[in-house]
Amino acid sequence: MPYVRELDPNAEETEKYSNTSLTEDPRSEKEKQDYKEIRDKVTIQTTRRRAREVLYNEQAPLIKRLKAAEKLKKSYEKVGENYLYF
């Protein structure tokens, strides 16, 4: 089905993003930095959650549990002064 502008309730918004360059990032440096910080926090949370799941699983092999413990430890070491432990 082709796009029909007259039927789109958000035509202005759609047009704004449909003409956006795919090679240039229109965000400001602050927006890019904010996004990166959010993604870093999510990555840290995910890493910690997955590591804890393995550590709490009593049936997991010892090797996997040791690797999970190391990942968990590294996640706390990587967290600099910019992030609080969560």
# chains A, B, ... in the order shown; residues from 1 in each chain; ligands from 1
>>> residues_around(residues="Lys73 of chain A", least_positions_apart="4", cutoff="12 Å", atoms="only C-alpha atoms", output="ChimeraX atom specification")
/A:44,47-48,51-52,66-69,77-79
>>> write_last_selection(atoms="C-alpha atoms", output="short mmCIF file (atom, residue, chain, number, x, y, z; two decimals), in the first residue's frame")
data_model
loop_
_atom_site.label_atom_id
_atom_site.label_comp_id
_atom_site.auth_asym_id
_atom_site.auth_seq_id
_atom_site.Cartn_x
_atom_site.Cartn_y
_atom_site.Cartn_z
CA ILE A 44 25.51 -2.22 32.82
CA THR A 47 25.15 -7.33 32.28
CA ARG A 48 24.59 -7.37 36.02
CA ALA A 51 25.46 -12.37 35.68
CA ARG A 52 23.29 -12.59 38.79
CA LEU A 66 33.00 -18.02 37.77
CA LYS A 67 32.73 -16.14 34.45
CA ALA A 68 29.50 -14.53 35.62
CA ALA A 69 31.16 -13.46 38.87
CA GLU A 77 34.99 -1.62 38.10
CA LYS A 78 33.91 -0.01 34.81
CA VAL A 79 31.47 2.27 36.58
#
>>> closest_residue(among="A:Thr14, A:Thr23, A:Ser28, A:Gln45", to="Tyr76 of chain A", atoms="only C-alpha atoms")
A:Gln45
